[in-house]
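This report refers to the structure that appears directly beneath it.
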Amino acid sequence: MTTQTATIARSDSSALGLAIAVLAGVFLLMASGIAQATVLHDAAHDQRHAMAFPCH
């Protein structure tokens with residue numbers, strides 16, 4: 001009798017997800033530091049309207 005074993009390849013994507021989250025966070029911080037306040041306010045205001053959230 002012969003026993004065969006199967007090897008299951010597993011990729012650990014937690015490091016990739018963490019790297020993407022860190023890069024997105026750094027990008028958002030840098031973009032908000034460079035952008036003018038009115039641009040940020042208008043973008044947030046438009047997003048609230050798009051989500052049907054009453055903002056005023």
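Labeling convention for the structure tokens: chains A, B, ... as they appear, residues from 1 per chain, ligands from 1 in order of appearance.
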
Those in chain A with alpha helix (DSSP H) from DSSP, as a ChimeraX atom specification: /A:14-34,37-50

Using C-alpha atoms, can you export the residues from the last selection as a compact mmCIF listing (two decimals), in the first residue's frame?
# COMPACT_ATOMS: atom_id res chain seq x y z
CA SER A 14 -1.93 39.68 5.39
CA ALA A 15 1.41 41.38 4.77
CA LEU A 16 0.24 42.58 1.38
CA GLY A 17 -2.99 43.96 2.82
CA LEU A 18 -1.07 45.74 5.56
CA ALA A 19 1.32 47.27 3.04
CA ILE A 20 -1.57 48.51 0.89
CA ALA A 21 -3.30 50.01 3.93
CA VAL A 22 -0.13 51.81 5.02
CA LEU A 23 0.49 53.16 1.53
CA ALA A 24 -3.11 54.35 1.25
CA GLY A 25 -2.85 56.06 4.64
CA VAL A 26 0.40 57.80 3.75
CA PHE A 27 -1.10 58.91 0.45
CA LEU A 28 -4.18 60.34 2.18
CA LEU A 29 -2.06 62.19 4.74
CA MET A 30 0.21 63.66 2.08
CA ALA A 31 -2.70 64.61 -0.19
CA SER A 32 -4.59 66.30 2.64
CA GLY A 33 -1.45 68.17 3.69
CA ILE A 34 -0.94 69.55 0.19
CA ALA A 37 -8.85 73.53 2.79
CA THR A 38 -11.70 74.45 0.43
CA VAL A 39 -10.91 71.49 -1.81
CA LEU A 40 -11.02 69.10 1.15
CA HIS A 41 -14.24 70.62 2.45
CA ASP A 42 -15.94 70.42 -0.93
CA ALA A 43 -14.85 66.80 -1.41
CA ALA A 44 -16.17 65.80 2.03
CA HIS A 45 -19.38 67.73 1.45
CA ASP A 46 -20.00 66.04 -1.91
CA GLN A 47 -19.27 62.62 -0.38
CA ARG A 48 -21.83 63.21 2.38
CA HIS A 49 -24.44 64.09 -0.22
CA ALA A 50 -23.52 61.02 -2.30
